[in-house]
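Heads up, the thing below is written out as C-alpha cells.
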Amino acid sequence: MTTEVAIVGIGMHEFGRTEGVSGMDQGVIAVRRACADAGVSWEDMQFAFGGSMAAGAADTMVSLLGLTGLQFINVANGCATGGSALFSAYNTIRSGVFDLGIAVGFDKHERGAFRVNTKGSGLGDWYGASGLALTTQFFGMKINRYMHEYGISQSTLAKVSEKAFRNGAINPMAWRRKPISEEEVLNSAMLSYPLTQYMFCSPGEGGVALILARADKAHLYTDKPIFLKAAVVRSRRFGSFEVLAPSIALEHNAGPTVDASKAAFEMAGMGPKDMDLAQLQDTESGAEVMHMAENGFCEHGEQEFMIQAGETEIGGKFPVNTDGGCLANGEPIGASGLRQVYENVLQLRGQAGARQVPNDPKTAYTHVYGAPGISGVTILSR
Amino acid sequence: MAQVPVTEGVFTWPSESPQLIGSRCVTCGNHMFPVQQGCPKCTGAETAEVLLGRRGTLWTWTVQGFPPKAPPYAGDVDPKTFKAFGVGYVELPGQLKIESRLTEADPEKLKIGMEMEMVIVPLSTDADGNEVVTFAFAPVA
Ligand SMILES: [Zn+2]
C-alpha cells in the first residue's frame, strides 16, 4: 500500500520580467511564500527537488534559505524540469522515505526566441548554420500539417491567444495583463507561418514552489489539501514528430503526450471525462489546440467547434489554461510546469479569484511538453 | 569564388546531382539522417552509410519570418536585408522525412503533397571569401 500525497502549500513569484531580481531569488521568494501558505518553516523541509535551465543550480538556494542539511537534489529535464521535480517529490513521499518536502522551479531567460544549443542537443553545427535550429519552426510545421489534416482554422488559433490574454488580464501573477483581440492577433507579425507573434509565448522569468506531504498528515498544514493522484513523465518513441529533428521516420507515432496522458489517467483511476479543467502546454496557440486531443479531451478536429463555441473559456464546458497559460505568463522553463499545478491548486481550493472556474471544480489536469520530445502530466483532486 | 559545403559528410559535394548522406540500419533497414550509429527503431548497433533519394513530396512546411540568432545561423541576419525562407519536411519514398530549407517562401505557392527536389543553395560567405553552400528542396517545376 503506497502512501497518498497531498499538496499543502503553494508559492509563486510573479511571472514576466523583474529587473534586478535574479532567477534564483525569484525561486527563493516562491519557497518562502509556499512555506507561509502551509504554515511551516524552511527548517521543516525534509527534502527538496529543484531545477532551472538558465538561472543556476537550484541546490545553492540553501545558502539563502538556510543551511539545514536537508536532502536537496537538482533536476534538469528541459521543459519538463518542473514536472520532473514534482514527479520526484511525489514518489519520495509515496515510497514512505519522507513525510514533507518541496518541489521548486525558477528561471530567467534572455529576451527573444530561445537560442538553441545545437551541440548540447546532439546536432551538428551545419544544422544551426543552415537556419534550422529554431523551435518556432517545429511549431509552425506541426500545426500547419494538423490544420491540413483536421480542418483547424487560423481564426481558431487566434481565439486561443485571445482567450489566453483575456485570462492573463485577470491574473495578478501573469506577465501579459492586456487583452488582445482576435483581429490584433491575426494582424501581428507572421513569425513562422501560420503562427503570428501573438500566437507565441516568450521566454520569461518566474518561480514556483509546491510543498507536498503525506496525505494522512495534510491536515496539520491546511484545511484544503489537494491530492496528487498522478504525476507522469514520458519521452518520445520511434516515429513521433518532435522539435529539432533533422529527419523523422515515415511511420507515425502519436508522441509522448499521448503516452503520458494515458499513463496518468490509469494511475489516477480516472478518465478525461472526469476532469473539470486543464492547463495544457501552449508554447503557441496551435499547441493548445493539438494538446486538447493528444491528452484525450476531444477527437482530432473537434477543437474547431469547441474553441469557436467558447467551450474552453473559464465559464465554458471545459476550461483550458485558466491562468493565461504560457501565452500570457511567458515560459521560464524551470518553473512553467509547476505554474500549471499552482493554478490548479488555486482552482480546486476555490481561491482563483476573478478567474475561478464555477461550480466547485473537483479535479484538474496539467500537461507540459518540450524539447527534445518530453511530456509531463499531473492529475489533482480535492 | 570557390563554393564550400556548410559541413562535410551531410551531402555529396561537389557533385552534378548532390545527394544527402544518411545511414541505413543493417538489422531492420530503417533509414536515418544525418549519419548516425545505432538505430532508434530496433536498437540495433550496426548501420551502413547510404545516399538518400533526391526527390520527394512536401509533408509539411513553414516560413522563417524573422532572422534566426547568429550564431548558430550563418546566413543574413540584418533585419533590413533578411529574406524570409521556407522550411519543411520532405518525404523521401521508402526512406524518411528530411527537414530542409525550401527555395520557396511564399505561402501561396507551398502546398502539402507537392513534388520537391534537392538542390544546393548559397548560405553565406566565409572569412576566406568562399561561398558557403547548404542543401535545400525546391518545388519541381
Ligand atoms: Zn534498426
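Scheme for the C-alpha cells: letters A, B, ... for chains in order shown; per-chain residue numbers from 1; ligand numbers from 1 in order shown.
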Check: Could you name the residues that touch region 99-110 of chain B at 9 Å or less, counting only C-alpha atoms, but leaving out those on the same chain fewer than 4 positions away, as a ChimeraX atom specification?
Finding: /A:130-132,193-194,245-248 /B:58,61-64,83-90,114,119,121,134-139
Keeping only N, CA, C and O atoms, write the selected residues to a file as a compact mmCIF listing (two decimals), in the first residue's frame.
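Below you can see out-v9.txt, which holds the result:
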```
# COMPACT_ATOMS: atom_id res chain seq x y z
N SER A 130 22.53 26.41 -41.04
CA SER A 130 21.62 26.41 -42.18
C SER A 130 20.27 27.04 -41.86
O SER A 130 19.40 27.13 -42.73
N GLY A 131 20.07 27.44 -40.60
CA GLY A 131 18.83 28.14 -40.24
C GLY A 131 17.71 27.21 -39.83
O GLY A 131 16.54 27.56 -39.94
N LEU A 132 18.06 26.02 -39.32
CA LEU A 132 17.03 25.05 -38.95
C LEU A 132 16.87 24.87 -37.44
O LEU A 132 15.95 24.20 -37.00
N TYR A 193 4.91 30.83 -40.28
CA TYR A 193 3.60 30.53 -40.85
C TYR A 193 3.08 29.19 -40.37
O TYR A 193 3.82 28.21 -40.39
N PRO A 194 1.85 29.05 -39.91
CA PRO A 194 0.77 30.05 -39.87
C PRO A 194 0.69 30.81 -38.55
O PRO A 194 -0.34 31.37 -38.24
N ALA A 245 14.40 18.11 -35.11
CA ALA A 245 14.68 16.80 -35.70
C ALA A 245 15.10 16.97 -37.17
O ALA A 245 14.27 17.34 -37.99
N PRO A 246 16.38 16.72 -37.50
CA PRO A 246 16.81 16.83 -38.90
C PRO A 246 16.06 15.86 -39.81
O PRO A 246 15.97 16.09 -41.01
N SER A 247 15.53 14.80 -39.23
CA SER A 247 14.71 13.88 -40.03
C SER A 247 13.73 13.19 -39.10
O SER A 247 13.94 13.15 -37.89
N ILE A 248 12.63 12.70 -39.68
CA ILE A 248 11.70 11.88 -38.91
C ILE A 248 11.33 10.65 -39.72
O ILE A 248 11.44 10.65 -40.94
N LEU B 58 6.30 17.20 -50.29
CA LEU B 58 6.31 18.11 -49.14
C LEU B 58 5.30 17.60 -48.11
O LEU B 58 4.11 17.52 -48.39
N TRP B 61 5.28 22.32 -43.89
CA TRP B 61 6.18 23.44 -44.13
C TRP B 61 5.81 24.64 -43.27
O TRP B 61 4.71 24.70 -42.71
N THR B 62 6.76 25.56 -43.16
CA THR B 62 6.52 26.86 -42.53
C THR B 62 7.40 27.87 -43.26
O THR B 62 8.11 27.50 -44.21
N VAL B 63 7.32 29.12 -42.84
CA VAL B 63 8.21 30.14 -43.40
C VAL B 63 8.91 30.83 -42.24
O VAL B 63 8.24 31.33 -41.32
N GLN B 64 10.23 30.83 -42.26
CA GLN B 64 11.01 31.51 -41.22
C GLN B 64 10.92 33.01 -41.48
O GLN B 64 11.58 33.51 -42.39
N LYS B 83 15.84 37.94 -45.84
CA LYS B 83 14.70 37.44 -46.64
C LYS B 83 14.15 36.19 -45.99
O LYS B 83 14.89 35.26 -45.68
N ALA B 84 12.82 36.19 -45.76
CA ALA B 84 12.17 35.02 -45.19
C ALA B 84 12.49 33.79 -46.05
O ALA B 84 12.59 33.90 -47.27
N PHE B 85 12.67 32.63 -45.39
CA PHE B 85 12.91 31.42 -46.18
C PHE B 85 11.98 30.30 -45.72
O PHE B 85 11.57 30.24 -44.56
N GLY B 86 11.63 29.44 -46.64
CA GLY B 86 10.77 28.31 -46.32
C GLY B 86 11.55 27.21 -45.61
O GLY B 86 12.77 27.06 -45.79
N VAL B 87 10.87 26.48 -44.76
CA VAL B 87 11.43 25.30 -44.09
C VAL B 87 10.35 24.23 -44.13
O VAL B 87 9.16 24.54 -43.94
N GLY B 88 10.76 23.01 -44.40
CA GLY B 88 9.74 21.96 -44.46
C GLY B 88 10.33 20.58 -44.22
O GLY B 88 11.54 20.42 -44.06
N TYR B 89 9.44 19.61 -44.17
CA TYR B 89 9.86 18.20 -44.18
C TYR B 89 9.44 17.61 -45.51
O TYR B 89 8.29 17.75 -45.92
N VAL B 90 10.42 16.99 -46.18
CA VAL B 90 10.15 16.36 -47.46
C VAL B 90 10.22 14.85 -47.27
O VAL B 90 11.19 14.32 -46.73
N MET B 114 3.12 18.51 -52.54
CA MET B 114 3.74 18.88 -53.82
C MET B 114 5.10 18.19 -54.00
O MET B 114 5.77 17.84 -53.04
N VAL B 119 18.31 20.56 -54.00
CA VAL B 119 19.25 21.46 -54.69
C VAL B 119 20.27 21.97 -53.67
O VAL B 119 20.11 21.77 -52.47
N VAL B 121 22.11 25.47 -52.29
CA VAL B 121 21.87 26.92 -52.33
C VAL B 121 22.95 27.66 -51.55
O VAL B 121 23.53 27.11 -50.60
N THR B 134 24.58 25.18 -48.66
CA THR B 134 23.90 24.14 -47.90
C THR B 134 22.84 23.51 -48.81
O THR B 134 22.69 23.91 -49.97
N PHE B 135 22.11 22.52 -48.26
CA PHE B 135 21.11 21.87 -49.11
C PHE B 135 19.74 22.50 -48.89
O PHE B 135 19.47 23.11 -47.85
N ALA B 136 18.90 22.36 -49.88
CA ALA B 136 17.52 22.85 -49.80
C ALA B 136 16.67 21.96 -50.72
O ALA B 136 17.22 21.16 -51.48
N PHE B 137 15.36 22.11 -50.61
CA PHE B 137 14.48 21.43 -51.56
C PHE B 137 13.69 22.49 -52.32
O PHE B 137 13.26 23.50 -51.75
N ALA B 138 13.54 22.24 -53.61
CA ALA B 138 12.84 23.18 -54.49
C ALA B 138 11.63 22.49 -55.09
O ALA B 138 11.68 21.29 -55.39
N PRO B 139 10.53 23.24 -55.28
CA PRO B 139 9.38 22.65 -55.99
C PRO B 139 9.81 22.19 -57.38
O PRO B 139 10.61 22.88 -58.04
```
Item checked: Selection within 8 Å of ligand 1 by only C-alpha atoms and all ligand atoms, output as a list of chain:residue names -> B:Arg24, B:Cys25, B:Val26, B:Thr27, B:Cys28, B:Gly29, B:Asn30, B:Gly38, B:Cys39, B:Pro40, B:Lys41, B:Cys42, B:Thr43, B:Gly44, B:Ala45
Item checked: Contact residues around region 10-22 of chain B with only C-alpha atoms at 9 Å, ignoring same-chain residues under 3 positions, as a list in words ->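 Here the qualifying residues turn out to be Trp126 of chain A; Gln3, Val4, Pro5, Val6, Thr7, His31, Met32, Phe33, Pro34, Val35, Gln36, Ala48, Glu49, Val50, Leu51, Leu52, Gly53, Arg54, Met118, Val119, Ile120, Thr134 and Phe135 of chain B.
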Checklist line | Residues near Leu191 (chain A), cut-off 10 Å, only C-alpha atoms, skip fewer than 6 positions along chain, as a PyMOL selection string | finding: (chain A and resi 136-137+140+197-200) or (chain B and resi 62-67+84)
May I have the residues from that selection written out with all heavy atoms, as an mmCIF file, in the first residue's frame?
```
data_model
loop_
_atom_site.group_PDB
_atom_site.id
_atom_site.type_symbol
_atom_site.label_atom_id
_atom_site.label_comp_id
_atom_site.auth_asym_id
_atom_site.auth_seq_id
_atom_site.Cartn_x
_atom_site.Cartn_y
_atom_site.Cartn_z
ATOM 1 N N THR A 136 10.599 27.385 -32.991
ATOM 2 C CA THR A 136 9.413 28.019 -33.568
ATOM 3 C C THR A 136 9.021 27.381 -34.901
ATOM 4 O O THR A 136 7.843 27.301 -35.235
ATOM 5 C CB THR A 136 9.680 29.519 -33.771
ATOM 6 O OG1 THR A 136 11.008 29.670 -34.298
ATOM 7 C CG2 THR A 136 9.592 30.270 -32.464
ATOM 8 N N GLN A 137 10.023 26.940 -35.667
ATOM 9 C CA GLN A 137 9.712 26.310 -36.965
ATOM 10 C C GLN A 137 8.940 25.014 -36.762
ATOM 11 O O GLN A 137 7.987 24.720 -37.498
ATOM 12 C CB GLN A 137 11.015 26.008 -37.717
ATOM 13 C CG GLN A 137 11.770 27.244 -38.145
ATOM 14 C CD GLN A 137 13.148 26.919 -38.685
ATOM 15 O OE1 GLN A 137 13.628 25.789 -38.588
ATOM 16 N NE2 GLN A 137 13.803 27.915 -39.254
ATOM 17 N N GLY A 140 5.333 25.783 -36.086
ATOM 18 C CA GLY A 140 4.660 26.179 -37.316
ATOM 19 C C GLY A 140 4.370 24.980 -38.204
ATOM 20 O O GLY A 140 3.274 24.841 -38.757
ATOM 21 N N GLN A 197 3.063 36.589 -34.207
ATOM 22 C CA GLN A 197 3.752 36.984 -32.973
ATOM 23 C C GLN A 197 2.910 36.719 -31.722
ATOM 24 O O GLN A 197 3.407 36.147 -30.751
ATOM 25 C CB GLN A 197 4.097 38.470 -33.066
ATOM 26 C CG GLN A 197 4.885 38.964 -31.871
ATOM 27 C CD GLN A 197 5.149 40.462 -31.959
ATOM 28 O OE1 GLN A 197 4.930 41.098 -33.007
ATOM 29 N NE2 GLN A 197 5.624 41.028 -30.873
ATOM 30 N N TYR A 198 1.648 37.114 -31.739
ATOM 31 C CA TYR A 198 0.827 36.967 -30.540
ATOM 32 C C TYR A 198 0.283 35.558 -30.358
ATOM 33 O O TYR A 198 -0.470 35.289 -29.433
ATOM 34 C CB TYR A 198 -0.313 37.989 -30.523
ATOM 35 C CG TYR A 198 0.147 39.424 -30.365
ATOM 36 C CD1 TYR A 198 -0.469 40.461 -31.061
ATOM 37 C CD2 TYR A 198 1.202 39.735 -29.510
ATOM 38 C CE1 TYR A 198 -0.041 41.772 -30.914
ATOM 39 C CE2 TYR A 198 1.634 41.036 -29.362
ATOM 40 C CZ TYR A 198 1.010 42.055 -30.063
ATOM 41 O OH TYR A 198 1.429 43.349 -29.914
ATOM 42 N N MET A 199 0.667 34.650 -31.254
ATOM 43 C CA MET A 199 0.317 33.244 -31.060
ATOM 44 C C MET A 199 1.440 32.497 -30.341
ATOM 45 O O MET A 199 1.278 31.330 -29.997
ATOM 46 C CB MET A 199 0.028 32.574 -32.404
ATOM 47 C CG MET A 199 -1.242 33.087 -33.074
ATOM 48 S SD MET A 199 -1.484 32.264 -34.657
ATOM 49 C CE MET A 199 -2.869 33.202 -35.314
ATOM 50 N N PHE A 200 2.575 33.150 -30.148
ATOM 51 C CA PHE A 200 3.715 32.517 -29.486
ATOM 52 C C PHE A 200 3.909 33.046 -28.075
ATOM 53 O O PHE A 200 3.733 34.240 -27.832
ATOM 54 C CB PHE A 200 5.014 32.817 -30.247
ATOM 55 C CG PHE A 200 5.303 31.876 -31.369
ATOM 56 C CD1 PHE A 200 5.120 32.276 -32.684
ATOM 57 C CD2 PHE A 200 5.766 30.593 -31.128
ATOM 58 C CE1 PHE A 200 5.397 31.416 -33.738
ATOM 59 C CE2 PHE A 200 6.040 29.732 -32.169
ATOM 60 C CZ PHE A 200 5.852 30.142 -33.485
ATOM 61 N N THR B 62 6.759 25.564 -43.157
ATOM 62 C CA THR B 62 6.519 26.862 -42.534
ATOM 63 C C THR B 62 7.397 27.872 -43.260
ATOM 64 O O THR B 62 8.107 27.504 -44.211
ATOM 65 C CB THR B 62 6.829 26.830 -41.021
ATOM 66 O OG1 THR B 62 6.473 28.090 -40.426
ATOM 67 C CG2 THR B 62 8.309 26.571 -40.743
ATOM 68 N N VAL B 63 7.324 29.123 -42.844
ATOM 69 C CA VAL B 63 8.213 30.138 -43.403
ATOM 70 C C VAL B 63 8.909 30.835 -42.240
ATOM 71 O O VAL B 63 8.239 31.329 -41.322
ATOM 72 C CB VAL B 63 7.435 31.174 -44.255
ATOM 73 C CG1 VAL B 63 8.380 32.261 -44.760
ATOM 74 C CG2 VAL B 63 6.734 30.481 -45.420
ATOM 75 N N GLN B 64 10.234 30.833 -42.260
ATOM 76 C CA GLN B 64 11.007 31.511 -41.221
ATOM 77 C C GLN B 64 10.917 33.008 -41.483
ATOM 78 O O GLN B 64 11.578 33.514 -42.388
ATOM 79 C CB GLN B 64 12.458 30.992 -41.248
ATOM 80 C CG GLN B 64 13.392 31.672 -40.258
ATOM 81 C CD GLN B 64 12.945 31.499 -38.818
ATOM 82 O OE1 GLN B 64 12.414 30.465 -38.428
ATOM 83 N NE2 GLN B 64 13.116 32.540 -38.018
ATOM 84 N N GLY B 65 10.121 33.704 -40.670
ATOM 85 C CA GLY B 65 9.803 35.097 -40.975
ATOM 86 C C GLY B 65 10.701 36.131 -40.326
ATOM 87 O O GLY B 65 10.557 37.324 -40.598
ATOM 88 N N PHE B 66 11.588 35.705 -39.427
ATOM 89 C CA PHE B 66 12.481 36.661 -38.765
ATOM 90 C C PHE B 66 13.903 36.095 -38.777
ATOM 91 O O PHE B 66 14.080 34.882 -38.884
ATOM 92 C CB PHE B 66 12.014 36.923 -37.321
ATOM 93 C CG PHE B 66 11.989 35.684 -36.449
ATOM 94 C CD1 PHE B 66 13.077 35.355 -35.644
ATOM 95 C CD2 PHE B 66 10.880 34.832 -36.442
ATOM 96 C CE1 PHE B 66 13.053 34.213 -34.836
ATOM 97 C CE2 PHE B 66 10.846 33.696 -35.644
ATOM 98 C CZ PHE B 66 11.938 33.386 -34.835
ATOM 99 N N PRO B 67 14.930 36.968 -38.681
ATOM 100 C CA PRO B 67 16.302 36.463 -38.728
ATOM 101 C C PRO B 67 16.598 35.562 -37.527
ATOM 102 O O PRO B 67 16.346 35.976 -36.390
ATOM 103 C CB PRO B 67 17.167 37.727 -38.664
ATOM 104 C CG PRO B 67 16.250 38.864 -38.971
ATOM 105 C CD PRO B 67 14.877 38.434 -38.554
ATOM 106 N N ALA B 84 12.824 36.187 -45.763
ATOM 107 C CA ALA B 84 12.165 35.015 -45.191
ATOM 108 C C ALA B 84 12.486 33.792 -46.054
ATOM 109 O O ALA B 84 12.592 33.901 -47.271
ATOM 110 C CB ALA B 84 10.659 35.235 -45.124
#
```
Check: Which distance in Å separates CA of Glu311 (chain A) and CA of Arg382 (chain A), to one decimal?
Finding: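 The value is 23.2 Å.
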Margin query: Would you mind listing, as a ChimeraX atom specification, all residues of chain A that have at least one atom within 10 Å of chain B, where only C-alpha atoms are what counts?
Written below: /A:112-118,123-134,136-146,148,189-196,237-239,244-251
Next item on the list: Could you give me the residues within region 50-219 of chain A that DSSP places in helix (DSSP H, G or I), as a count of residues only?
Entry: 76
All residues 7 Å or closer to region 49-57 of chain A, only C-alpha atoms, same chain fewer than 2 positions away omitted, as a compact mmCIF listing (two decimals) with C-alpha atoms, in the first residue's frame:
```
# COMPACT_ATOMS: atom_id res chain seq x y z
CA GLY A 23 16.02 33.87 -11.22
CA MET A 24 17.22 32.13 -8.09
CA ASP A 59 20.53 23.43 -4.54
CA THR A 60 22.59 26.58 -4.00
CA PHE A 72 18.38 18.64 -2.00
CA ILE A 73 18.52 17.13 -5.49
CA ASN A 74 18.88 19.19 -8.65
CA VAL A 75 16.65 18.29 -11.57
CA ALA A 76 17.45 19.18 -15.18
CA GLY A 78 14.39 20.62 -20.28
CA THR A 81 12.15 20.22 -15.34
CA GLY A 82 9.35 21.38 -13.03
CA ALA A 85 10.90 17.80 -9.77
CA SER A 88 10.40 13.03 -7.86
CA ALA A 89 8.90 14.71 -4.79
CA ILE A 102 9.22 20.72 -1.62
CA ALA A 103 9.45 20.92 -5.41
CA VAL A 104 10.77 24.22 -6.73
CA GLY A 105 11.43 25.60 -10.20
CA PHE A 106 12.57 29.01 -11.36
CA ASP A 107 14.21 30.65 -14.36
CA LYS A 108 15.29 33.84 -16.05
CA HIS A 109 15.94 33.78 -19.81
CA ILE A 333 11.44 26.75 -18.38
CA GLY A 334 12.20 25.51 -14.86
```
Check: Quick one, how far is CA of Asn171 (chain A) from CA of Gln340 (chain A)?
Finding: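 CA of Gln340 (chain A) lies at a distance of 12.9 Å from CA of Asn171 (chain A).
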Check: Pick from A:Cys201, A:Cys298, A:Ala6, A:Val243: nearest to Arg176 (chain A), with only C-alpha atoms counted?
Finding: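 For Arg176 (chain A), the nearest of the candidates is A:Cys201.
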